[in-house]
Amino acid sequence: MLNHLRKQRGTVLVAALLVLTGISLILVAVSLTTVMEKTSTVRHKTSSRALYAADSGVEAAKQVMTTYAQGVLDSLNAVWAGNGAIIPNPEGFFPANGFTLSNTGDPSYSVTATLAFVDSSLQYNSQAYDYRFDVVSTGDYNNSQRGVSTEGILRVSATRGSFADYLIFTDTHLVPGGYDIWFHTSGYFDGRVHTNDEYKFAYYPTFLDNVTSVNGKAVYYNGGSPVELNADFNGTNDVPNFYGGFNRGVPRIDLPANAFSQERAALGGNPADMSPVTDSERRTMLGLGGSGSVPTGVYVPNSGGLVTGGIYISGTAKDVNLSVDNQDHQIYSIRDSNNDITNVELDFDNNATVVTAPDGSVTSYSGISRGVLYSGGNINSLSGPPRSGNTVVPAIASKAQMTVVAAGDVVIQGDLASKNFDGGESILGVFTSAGDIRIGNNAPDELVVDGFVMASGTQKVFTVDNYYSGSYRGQVHLRGGMITNYYGAFGTFSWDGSMTGYGRDFRYDRRGLIPPYFPLTQRYSTDEPDPMVLAWREN
């Protein structure tokens, strides 16, 4: 019996030892697995951080390339003569050996970037230069290295500015005849203001946006004893509020000398062609035979039932009336110098242009006519519909975008208001390269003009007929901008408080819309270089 008990105890002891051994083996296995997993995780994290470092090197190289390109392009644009390529030697734009950069520490990276010129596109409104870039980057973290390579295209470009960028632009900051124009305390300007001349400030006018002048100085009223200073203010006497800054000595921006581009656009030609339009070209684009000048009348250039141009008026237009029907179609009613009336209707929803000729015949063309109306003479009356009581009736449809151009004067005789200024896409430009833009005697009090007006000819202005006589007519409420050669007179005021003409209520149109075929400046604004990655791979 005792012997049997001893045998049982021995068996239990052996079993216990086996269990303990098994548990120990399991613990060892678990411990080894944990160590291996931990080691694997550490290695993975180390390798990933090395890859992230390599990618950081690629991003750093892209930043170096774009910053360098922006600086060089800005420098070239500042000294650009106004014609030809802004980048005269695109092959030598970047350093021949590219860029080498590194970041010390842990993680770290080392990078080489090379660039090669591919192609350029030099258009009237923009210049673009494409460069192929190759970037090789090696990342290092805790002695683990990984490398990546990328290739792509870096675009270096500049866009020609529009005169619709300005609330007020003057070539010479004087009234015709040489009379001074002073920006006074009553002046409140919420858009960009530029002159190729010199400003005169009295007391505390307010400018909410950037003010620029070619002259390096400005004249301050100084209590009636004007002084010329290279400064933003004159003591405490004259302290304009320049919330957008006042930059003097900036490059000159020349006004356009002609409207050849706009005439070609109206005829259905190439608006980038800035050469004078011949009678032969006019006849060809209007589908007329024969020779000599184009007969007086209104034309909508077309080909095979498809409208190809804008609206072309040969000779003076006695009346151009803009209106909107109940379907939000844009209507042009034009009376030419023969007193014949042509109606042109733009049906945006059905992409159609419908022309009603003086004889009553109706022709429908496919497509919307180009957004430019050109008159080869004056436009004696440009207006919208008559007011309904005191209510201004819209003249410009929600989707209508147009520039009205004349070879001579344009006389505004009525409101030119948009139907849906804030919520729509409408935009109006009025341009003459050889005449004045005048507010006529029949224009209503508190005139409303939603658009940009431009008179670029020598001593040409945006002005008011007979501004010096009669009773005060309220303000001209302009939502857009005024670009003129000289600063036109709008009214007068006397010591006894009496006034004539109009006052100015000018507010810049900040929707970012530009009237079609509205003149562009000769200067370019450089764009932010844009790198586009085409391929990425790990080395």
# chains A, B, ... in the order shown; residues from 1 in each chain; ligands from 1
call {"tool": "residues_around", "arguments": {"residues": "A:Gln459", "least_positions_apart": "4", "cutoff": "8 Å", "atoms": "only C-alpha atoms", "output": "ChimeraX atom specification"}}
result
/A:176,485-486
call {"tool": "write_last_selection", "arguments": {"atoms": "C-alpha atoms", "output": "mmCIF file, in the first residue's frame"}}
result
data_model
loop_
_atom_site.group_PDB
_atom_site.id
_atom_site.type_symbol
_atom_site.label_atom_id
_atom_site.label_comp_id
_atom_site.auth_asym_id
_atom_site.auth_seq_id
_atom_site.Cartn_x
_atom_site.Cartn_y
_atom_site.Cartn_z
ATOM 1 C CA PRO A 176 -9.108 118.442 -70.344
ATOM 2 C CA ASN A 485 -7.335 109.190 -70.811
ATOM 3 C CA TYR A 486 -8.218 112.353 -68.864
#
call {"tool": "residues_around", "arguments": {"residues": "stretch 373-388 of chain A", "least_positions_apart": "2", "cutoff": "6 Å", "atoms": "only C-alpha atoms", "output": "PDB file with N, CA and C atoms, in the first residue's frame"}}
result
ATOM      1  N   GLY A 310     -20.374  88.946 -83.617  1.00  0.00           N
ATOM      2  CA  GLY A 310     -21.243  89.654 -82.703  1.00  0.00           C
ATOM      3  C   GLY A 310     -22.293  90.430 -83.473  1.00  0.00           C
ATOM      4  N   ILE A 311     -22.445  91.708 -83.144  1.00  0.00           N
ATOM      5  CA  ILE A 311     -23.352  92.596 -83.869  1.00  0.00           C
ATOM      6  C   ILE A 311     -22.507  93.722 -84.454  1.00  0.00           C
ATOM      7  N   TYR A 312     -22.603  93.915 -85.766  1.00  0.00           N
ATOM      8  CA  TYR A 312     -21.768  94.896 -86.453  1.00  0.00           C
ATOM      9  C   TYR A 312     -22.659  95.958 -87.076  1.00  0.00           C
ATOM     10  N   ILE A 313     -22.394  97.225 -86.745  1.00  0.00           N
ATOM     11  CA  ILE A 313     -23.157  98.351 -87.278  1.00  0.00           C
ATOM     12  C   ILE A 313     -22.221  99.158 -88.179  1.00  0.00           C
ATOM     13  N   SER A 314     -22.563  99.216 -89.456  1.00  0.00           N
ATOM     14  CA  SER A 314     -21.779 100.023 -90.379  1.00  0.00           C
ATOM     15  C   SER A 314     -22.311 101.449 -90.316  1.00  0.00           C
ATOM     16  N   GLY A 315     -21.454 102.377 -89.899  1.00  0.00           N
ATOM     17  CA  GLY A 315     -21.866 103.755 -89.738  1.00  0.00           C
ATOM     18  C   GLY A 315     -22.320 104.038 -88.319  1.00  0.00           C
ATOM     19  N   THR A 316     -22.922 105.197 -88.134  1.00  0.00           N
ATOM     20  CA  THR A 316     -23.388 105.632 -86.814  1.00  0.00           C
ATOM     21  C   THR A 316     -24.694 104.932 -86.448  1.00  0.00           C
ATOM     22  N   ALA A 317     -24.819 104.630 -85.151  1.00  0.00           N
ATOM     23  CA  ALA A 317     -26.087 104.124 -84.622  1.00  0.00           C
ATOM     24  C   ALA A 317     -26.786 105.269 -83.911  1.00  0.00           C
ATOM     25  N   LYS A 318     -28.004 105.596 -84.377  1.00  0.00           N
ATOM     26  CA  LYS A 318     -28.744 106.669 -83.716  1.00  0.00           C
ATOM     27  C   LYS A 318     -29.232 106.231 -82.336  1.00  0.00           C
ATOM     28  N   ASP A 319     -29.661 104.979 -82.233  1.00  0.00           N
ATOM     29  CA  ASP A 319     -30.140 104.452 -80.954  1.00  0.00           C
ATOM     30  C   ASP A 319     -29.701 103.001 -80.801  1.00  0.00           C
ATOM     31  N   VAL A 320     -29.220 102.660 -79.619  1.00  0.00           N
ATOM     32  CA  VAL A 320     -29.018 101.265 -79.228  1.00  0.00           C
ATOM     33  C   VAL A 320     -29.723 101.105 -77.891  1.00  0.00           C
ATOM     34  N   ASN A 321     -30.843 100.385 -77.936  1.00  0.00           N
ATOM     35  CA  ASN A 321     -31.629 100.183 -76.725  1.00  0.00           C
ATOM     36  C   ASN A 321     -31.506  98.735 -76.267  1.00  0.00           C
ATOM     37  N   LEU A 322     -31.153  98.557 -75.009  1.00  0.00           N
ATOM     38  CA  LEU A 322     -31.004  97.218 -74.423  1.00  0.00           C
ATOM     39  C   LEU A 322     -32.201  96.938 -73.525  1.00  0.00           C
ATOM     40  N   SER A 323     -32.749  95.728 -73.626  1.00  0.00           N
ATOM     41  CA  SER A 323     -33.887  95.366 -72.777  1.00  0.00           C
ATOM     42  C   SER A 323     -33.905  93.865 -72.535  1.00  0.00           C
ATOM     43  N   ASN A 390     -40.615 105.544 -60.525  1.00  0.00           N
ATOM     44  CA  ASN A 390     -39.255 105.749 -60.018  1.00  0.00           C
ATOM     45  C   ASN A 390     -38.427 104.467 -60.045  1.00  0.00           C
ATOM     46  N   THR A 391     -38.988 103.407 -60.617  1.00  0.00           N
ATOM     47  CA  THR A 391     -38.320 102.106 -60.622  1.00  0.00           C
ATOM     48  C   THR A 391     -37.444 101.951 -61.860  1.00  0.00           C
ATOM     49  N   VAL A 392     -36.198 101.581 -61.636  1.00  0.00           N
ATOM     50  CA  VAL A 392     -35.270 101.327 -62.741  1.00  0.00           C
ATOM     51  C   VAL A 392     -35.593  99.961 -63.338  1.00  0.00           C
ATOM     52  N   VAL A 393     -35.811  99.926 -64.648  1.00  0.00           N
ATOM     53  CA  VAL A 393     -36.145  98.680 -65.350  1.00  0.00           C
ATOM     54  C   VAL A 393     -34.859  98.070 -65.907  1.00  0.00           C
ATOM     55  N   ALA A 395     -31.925  96.449 -68.032  1.00  0.00           N
ATOM     56  CA  ALA A 395     -31.555  96.507 -69.447  1.00  0.00           C
ATOM     57  C   ALA A 395     -30.731  95.296 -69.862  1.00  0.00           C
ATOM     58  N   VAL A 404     -20.097  97.050 -75.565  1.00  0.00           N
ATOM     59  CA  VAL A 404     -20.598  97.953 -76.601  1.00  0.00           C
ATOM     60  C   VAL A 404     -19.446  98.874 -76.997  1.00  0.00           C
ATOM     61  N   VAL A 405     -19.107  98.882 -78.301  1.00  0.00           N
ATOM     62  CA  VAL A 405     -17.923  99.597 -78.785  1.00  0.00           C
ATOM     63  C   VAL A 405     -18.324 100.545 -79.906  1.00  0.00           C
ATOM     64  N   ALA A 406     -17.725 101.723 -79.899  1.00  0.00           N
ATOM     65  CA  ALA A 406     -17.958 102.688 -80.983  1.00  0.00           C
ATOM     66  C   ALA A 406     -16.638 103.286 -81.427  1.00  0.00           C
ATOM     67  N   ALA A 407     -16.562 103.594 -82.719  1.00  0.00           N
ATOM     68  CA  ALA A 407     -15.376 104.281 -83.231  1.00  0.00           C
ATOM     69  C   ALA A 407     -15.368 105.734 -82.795  1.00  0.00           C
ATOM     70  N   GLY A 408     -16.545 106.297 -82.489  1.00  0.00           N
ATOM     71  CA  GLY A 408     -16.654 107.676 -82.045  1.00  0.00           C
ATOM     72  C   GLY A 408     -17.223 107.762 -80.641  1.00  0.00           C
ATOM     73  N   ASP A 409     -18.054 108.790 -80.392  1.00  0.00           N
ATOM     74  CA  ASP A 409     -18.632 109.002 -79.067  1.00  0.00           C
ATOM     75  C   ASP A 409     -19.729 107.979 -78.759  1.00  0.00           C
ATOM     76  N   VAL A 410     -19.900 107.727 -77.474  1.00  0.00           N
ATOM     77  CA  VAL A 410     -21.041 106.964 -76.973  1.00  0.00           C
ATOM     78  C   VAL A 410     -21.767 107.858 -75.977  1.00  0.00           C
ATOM     79  N   VAL A 411     -23.066 108.078 -76.223  1.00  0.00           N
ATOM     80  CA  VAL A 411     -23.855 108.948 -75.352  1.00  0.00           C
ATOM     81  C   VAL A 411     -24.852 108.093 -74.585  1.00  0.00           C
ATOM     82  N   ILE A 412     -24.699 108.047 -73.269  1.00  0.00           N
ATOM     83  CA  ILE A 412     -25.608 107.286 -72.414  1.00  0.00           C
ATOM     84  C   ILE A 412     -26.804 108.173 -72.088  1.00  0.00           C
ATOM     85  N   GLN A 413     -27.991 107.726 -72.506  1.00  0.00           N
ATOM     86  CA  GLN A 413     -29.202 108.525 -72.320  1.00  0.00           C
ATOM     87  C   GLN A 413     -30.212 107.859 -71.385  1.00  0.00           C
ATOM     88  N   GLY A 414     -29.850 106.738 -70.781  1.00  0.00           N
ATOM     89  CA  GLY A 414     -30.766 106.064 -69.876  1.00  0.00           C
ATOM     90  C   GLY A 414     -30.044 105.069 -68.999  1.00  0.00           C
ATOM     91  N   ASP A 415     -30.778 104.504 -68.036  1.00  0.00           N
ATOM     92  CA  ASP A 415     -30.198 103.527 -67.119  1.00  0.00           C
ATOM     93  C   ASP A 415     -29.704 102.295 -67.875  1.00  0.00           C
ATOM     94  N   LEU A 416     -28.601 101.719 -67.389  1.00  0.00           N
ATOM     95  CA  LEU A 416     -28.054 100.471 -67.927  1.00  0.00           C
ATOM     96  C   LEU A 416     -27.854  99.541 -66.737  1.00  0.00           C
TER      97      LEU A 416
END
call {"tool": "residues_around", "arguments": {"residues": "A:Val214", "least_positions_apart": "5", "cutoff": "7 Å", "atoms": "only C-alpha atoms", "output": "ChimeraX atom specification"}}
result
/A:195-197,248-252
call {"tool": "write_last_selection", "arguments": {"atoms": "C-alpha atoms", "output": "compact mmCIF listing (two decimals), in the first residue's frame"}}
result
# COMPACT_ATOMS: atom_id res chain seq x y z
CA THR A 195 -2.79 106.84 -62.89
CA ASN A 196 0.10 107.14 -65.30
CA ASP A 197 0.43 110.65 -63.88
CA ARG A 248 4.41 105.24 -56.32
CA GLY A 249 6.86 104.87 -59.17
CA VAL A 250 5.15 101.80 -60.67
CA PRO A 251 5.52 100.91 -64.40
CA ARG A 252 3.35 102.78 -66.88
call {"tool": "atom_distance", "arguments": {"atom1": "atom CA of A:Val79", "atom2": "atom CA of A:Phe93"}}
result
15.4 Å
call {"tool": "atom_distance", "arguments": {"atom1": "atom CA of A:Asn89", "atom2": "atom CA of A:Val533"}}
result
24.5 Å
call {"tool": "select_by_dssp", "arguments": {"residues": "stretch 40-205 of chain A", "states": "strand (DSSP E or B)", "output": "ChimeraX atom specification"}}
result
/A:99-103,108-122,126-141,144-162,168-170,174-175,179-180,183,188-189,193-195,200-201
call {"tool": "residues_around", "arguments": {"residues": "stretch 444-455 of chain A", "least_positions_apart": "3", "cutoff": "8 Å", "atoms": "only C-alpha atoms", "output": "number ranges by chain"}}
result
A: 164, 392, 413-418, 427-437, 460-462, 473-485, 509, 515
call {"tool": "write_last_selection", "arguments": {"atoms": "N, CA and C atoms", "output": "short mmCIF file (atom, residue, chain, number, x, y, z; two decimals), in the first residue's frame"}}
result
data_model
loop_
_atom_site.label_atom_id
_atom_site.label_comp_id
_atom_site.auth_asym_id
_atom_site.auth_seq_id
_atom_site.Cartn_x
_atom_site.Cartn_y
_atom_site.Cartn_z
N ALA A 164 -10.52 96.07 -66.70
CA ALA A 164 -11.66 95.88 -65.79
C ALA A 164 -11.19 95.53 -64.38
N VAL A 392 -36.20 101.58 -61.64
CA VAL A 392 -35.27 101.33 -62.74
C VAL A 392 -35.59 99.96 -63.34
N GLN A 413 -27.99 107.73 -72.51
CA GLN A 413 -29.20 108.52 -72.32
C GLN A 413 -30.21 107.86 -71.39
N GLY A 414 -29.85 106.74 -70.78
CA GLY A 414 -30.77 106.06 -69.88
C GLY A 414 -30.04 105.07 -69.00
N ASP A 415 -30.78 104.50 -68.04
CA ASP A 415 -30.20 103.53 -67.12
C ASP A 415 -29.70 102.30 -67.88
N LEU A 416 -28.60 101.72 -67.39
CA LEU A 416 -28.05 100.47 -67.93
C LEU A 416 -27.85 99.54 -66.74
N ALA A 417 -28.96 98.97 -66.29
CA ALA A 417 -28.96 98.17 -65.06
C ALA A 417 -29.10 96.69 -65.38
N SER A 418 -28.44 95.86 -64.58
CA SER A 418 -28.54 94.41 -64.72
C SER A 418 -29.80 93.90 -64.04
N ILE A 427 -22.69 91.10 -67.39
CA ILE A 427 -21.59 92.07 -67.30
C ILE A 427 -21.63 92.94 -68.56
N LEU A 428 -21.38 94.24 -68.37
CA LEU A 428 -21.41 95.19 -69.48
C LEU A 428 -20.11 95.98 -69.53
N GLY A 429 -19.59 96.16 -70.75
CA GLY A 429 -18.49 97.08 -70.99
C GLY A 429 -18.90 98.08 -72.05
N VAL A 430 -18.46 99.31 -71.92
CA VAL A 430 -18.68 100.34 -72.94
C VAL A 430 -17.32 100.93 -73.27
N PHE A 431 -16.92 100.89 -74.55
CA PHE A 431 -15.55 101.24 -74.92
C PHE A 431 -15.52 102.05 -76.21
N THR A 432 -14.73 103.12 -76.20
CA THR A 432 -14.39 103.84 -77.41
C THR A 432 -12.92 104.20 -77.36
N SER A 433 -12.24 104.01 -78.48
CA SER A 433 -10.81 104.32 -78.53
C SER A 433 -10.54 105.70 -79.12
N ALA A 434 -11.57 106.37 -79.63
CA ALA A 434 -11.34 107.66 -80.29
C ALA A 434 -12.35 108.73 -79.88
N GLY A 435 -13.33 108.39 -79.08
CA GLY A 435 -14.35 109.35 -78.70
C GLY A 435 -14.48 109.46 -77.19
N ASP A 436 -15.47 110.25 -76.76
CA ASP A 436 -15.81 110.37 -75.34
C ASP A 436 -16.99 109.46 -75.03
N ILE A 437 -17.11 109.10 -73.77
CA ILE A 437 -18.35 108.50 -73.27
C ILE A 437 -19.04 109.59 -72.47
N LYS A 460 -9.55 112.01 -74.08
CA LYS A 460 -10.93 111.56 -74.08
C LYS A 460 -11.34 111.16 -72.66
N VAL A 461 -12.66 111.32 -72.37
CA VAL A 461 -13.11 111.24 -70.99
C VAL A 461 -14.48 110.57 -70.90
N PHE A 462 -14.85 110.25 -69.67
CA PHE A 462 -16.22 109.90 -69.28
C PHE A 462 -16.77 111.14 -68.59
N ARG A 473 -28.51 116.89 -60.57
CA ARG A 473 -29.23 115.71 -61.06
C ARG A 473 -28.97 114.46 -60.22
N GLY A 474 -28.46 114.63 -59.03
CA GLY A 474 -28.17 113.48 -58.19
C GLY A 474 -26.82 112.87 -58.53
N GLN A 475 -26.68 111.58 -58.27
CA GLN A 475 -25.40 110.90 -58.51
C GLN A 475 -25.50 109.91 -59.66
N VAL A 476 -24.36 109.65 -60.25
CA VAL A 476 -24.24 108.53 -61.18
C VAL A 476 -23.81 107.33 -60.36
N HIS A 477 -24.67 106.33 -60.31
CA HIS A 477 -24.39 105.13 -59.52
C HIS A 477 -23.75 104.09 -60.45
N LEU A 478 -22.42 104.07 -60.44
CA LEU A 478 -21.66 103.18 -61.31
C LEU A 478 -21.19 101.98 -60.50
N ARG A 479 -21.59 100.78 -60.93
CA ARG A 479 -21.07 99.55 -60.33
C ARG A 479 -20.20 98.87 -61.38
N GLY A 480 -18.91 99.14 -61.31
CA GLY A 480 -17.97 98.63 -62.30
C GLY A 480 -16.68 99.41 -62.20
N GLY A 481 -16.36 100.18 -63.24
CA GLY A 481 -15.13 100.95 -63.22
C GLY A 481 -15.11 101.98 -64.33
N MET A 482 -14.18 102.96 -64.21
CA MET A 482 -14.00 104.03 -65.20
C MET A 482 -12.55 104.08 -65.61
N ILE A 483 -12.29 103.92 -66.90
CA ILE A 483 -10.93 103.97 -67.43
C ILE A 483 -10.91 105.03 -68.53
N THR A 484 -10.14 106.09 -68.32
CA THR A 484 -10.15 107.21 -69.26
C THR A 484 -8.76 107.79 -69.45
N ASN A 485 -8.60 108.53 -70.56
CA ASN A 485 -7.33 109.19 -70.81
C ASN A 485 -7.16 110.38 -69.88
N ASP A 509 -17.06 96.55 -59.18
CA ASP A 509 -17.75 95.28 -59.34
C ASP A 509 -16.78 94.16 -58.95
N PRO A 515 -15.97 91.99 -68.99
CA PRO A 515 -16.76 92.06 -70.22
C PRO A 515 -16.02 91.40 -71.38
#
call {"tool": "atom_distance", "arguments": {"atom1": "atom CA of A:Thr112", "atom2": "atom CA of A:Val135"}}
result
5.8 Å
call {"tool": "residues_around", "arguments": {"residues": "A:Tyr221", "least_positions_apart": "5", "cutoff": "7 Å", "atoms": "only C-alpha atoms", "output": "list in words"}}
result
Phe201, Ala202, Pro226, Val227 and Asp238 of chain A
call {"tool": "write_last_selection", "arguments": {"atoms": "N, CA and C atoms", "output": "PDB file, in the first residue's frame"}}
result
ATOM      1  N   PHE A 201      -3.991 115.174 -53.389  1.00  0.00           N
ATOM      2  CA  PHE A 201      -4.846 114.798 -52.270  1.00  0.00           C
ATOM      3  C   PHE A 201      -5.112 116.002 -51.379  1.00  0.00           C
ATOM      4  N   ALA A 202      -6.348 116.104 -50.922  1.00  0.00           N
ATOM      5  CA  ALA A 202      -6.731 117.154 -49.983  1.00  0.00           C
ATOM      6  C   ALA A 202      -7.452 116.519 -48.797  1.00  0.00           C
ATOM      7  N   PRO A 226      -0.044 124.041 -51.783  1.00  0.00           N
ATOM      8  CA  PRO A 226       0.309 122.661 -52.130  1.00  0.00           C
ATOM      9  C   PRO A 226       1.806 122.365 -52.036  1.00  0.00           C
ATOM     10  N   VAL A 227       2.100 121.145 -51.587  1.00  0.00           N
ATOM     11  CA  VAL A 227       3.475 120.654 -51.519  1.00  0.00           C
ATOM     12  C   VAL A 227       3.544 119.302 -52.210  1.00  0.00           C
ATOM     13  N   ASP A 238      -3.073 116.571 -44.434  1.00  0.00           N
ATOM     14  CA  ASP A 238      -3.609 115.731 -45.503  1.00  0.00           C
ATOM     15  C   ASP A 238      -3.196 114.295 -45.215  1.00  0.00           C
TER      16      ASP A 238
END
call {"tool": "residues_around", "arguments": {"residues": "A:Thr159", "least_positions_apart": "5", "cutoff": "6 Å", "atoms": "only C-alpha atoms", "output": "VMD selection string"}}
result
chain A and resid 126 524 to 525
call {"tool": "write_last_selection", "arguments": {"atoms": "C-alpha atoms", "output": "PDB file, in the first residue's frame"}}
result
ATOM      1  CA  SER A 126      -1.234  84.887 -71.663  1.00  0.00           C
ATOM      2  CA  TYR A 524       1.229  90.877 -67.472  1.00  0.00           C
ATOM      3  CA  SER A 525       0.596  89.669 -63.957  1.00  0.00           C
TER       4      SER A 525
END
call {"tool": "residues_around", "arguments": {"residues": "A:Ser361", "least_positions_apart": "3", "cutoff": "12 Å", "atoms": "only C-alpha atoms", "output": "tab-separated table (two decimals) with N, CA and C atoms, in the first residue's frame"}}
result
chain	number	residue	atom	x	y	z
A	341	ILE	N	-34.70	100.05	-88.26
A	341	ILE	CA	-34.59	99.41	-86.94
A	341	ILE	C	-34.41	97.91	-87.11
A	342	THR	N	-33.38	97.38	-86.48
A	342	THR	CA	-33.10	95.94	-86.44
A	342	THR	C	-33.14	95.47	-85.00
A	343	ASN	N	-33.84	94.38	-84.75
A	343	ASN	CA	-33.89	93.80	-83.42
A	343	ASN	C	-33.11	92.49	-83.41
A	344	VAL	N	-32.27	92.32	-82.39
A	344	VAL	CA	-31.51	91.09	-82.22
A	344	VAL	C	-31.85	90.53	-80.85
A	354	VAL	N	-31.92	85.39	-82.73
A	354	VAL	CA	-33.03	85.67	-83.64
A	354	VAL	C	-32.95	87.13	-84.08
A	355	VAL	N	-32.92	87.35	-85.40
A	355	VAL	CA	-32.76	88.69	-85.96
A	355	VAL	C	-34.04	89.07	-86.71
A	356	THR	N	-34.60	90.21	-86.32
A	356	THR	CA	-35.75	90.77	-87.03
A	356	THR	C	-35.26	91.97	-87.84
A	357	ALA	N	-35.30	91.85	-89.16
A	357	ALA	CA	-34.77	92.88	-90.06
A	357	ALA	C	-35.74	94.05	-90.16
A	358	PRO	N	-35.29	95.18	-90.70
A	358	PRO	CA	-36.17	96.35	-90.85
A	358	PRO	C	-37.44	96.06	-91.65
A	364	SER	N	-33.59	82.97	-87.66
A	364	SER	CA	-33.03	82.39	-86.43
A	364	SER	C	-31.73	81.67	-86.75
call {"tool": "closest_residue", "arguments": {"among": "A:Tyr166, A:Tyr68, A:Trp80, A:Phe246", "to": "A:Arg523", "atoms": "only C-alpha atoms"}}
result
A:Trp80
call {"tool": "closest_residue", "arguments": {"among": "A:Gly187, A:Gly147, A:Gly245, A:Pro90", "to": "A:Pro205", "atoms": "only C-alpha atoms"}}
result
A:Gly187
call {"tool": "closest_residue", "arguments": {"among": "A:Asn215, A:Asn326, A:Thr363, A:Ser102", "to": "A:Glu228", "atoms": "only C-alpha atoms"}}
result
A:Asn215
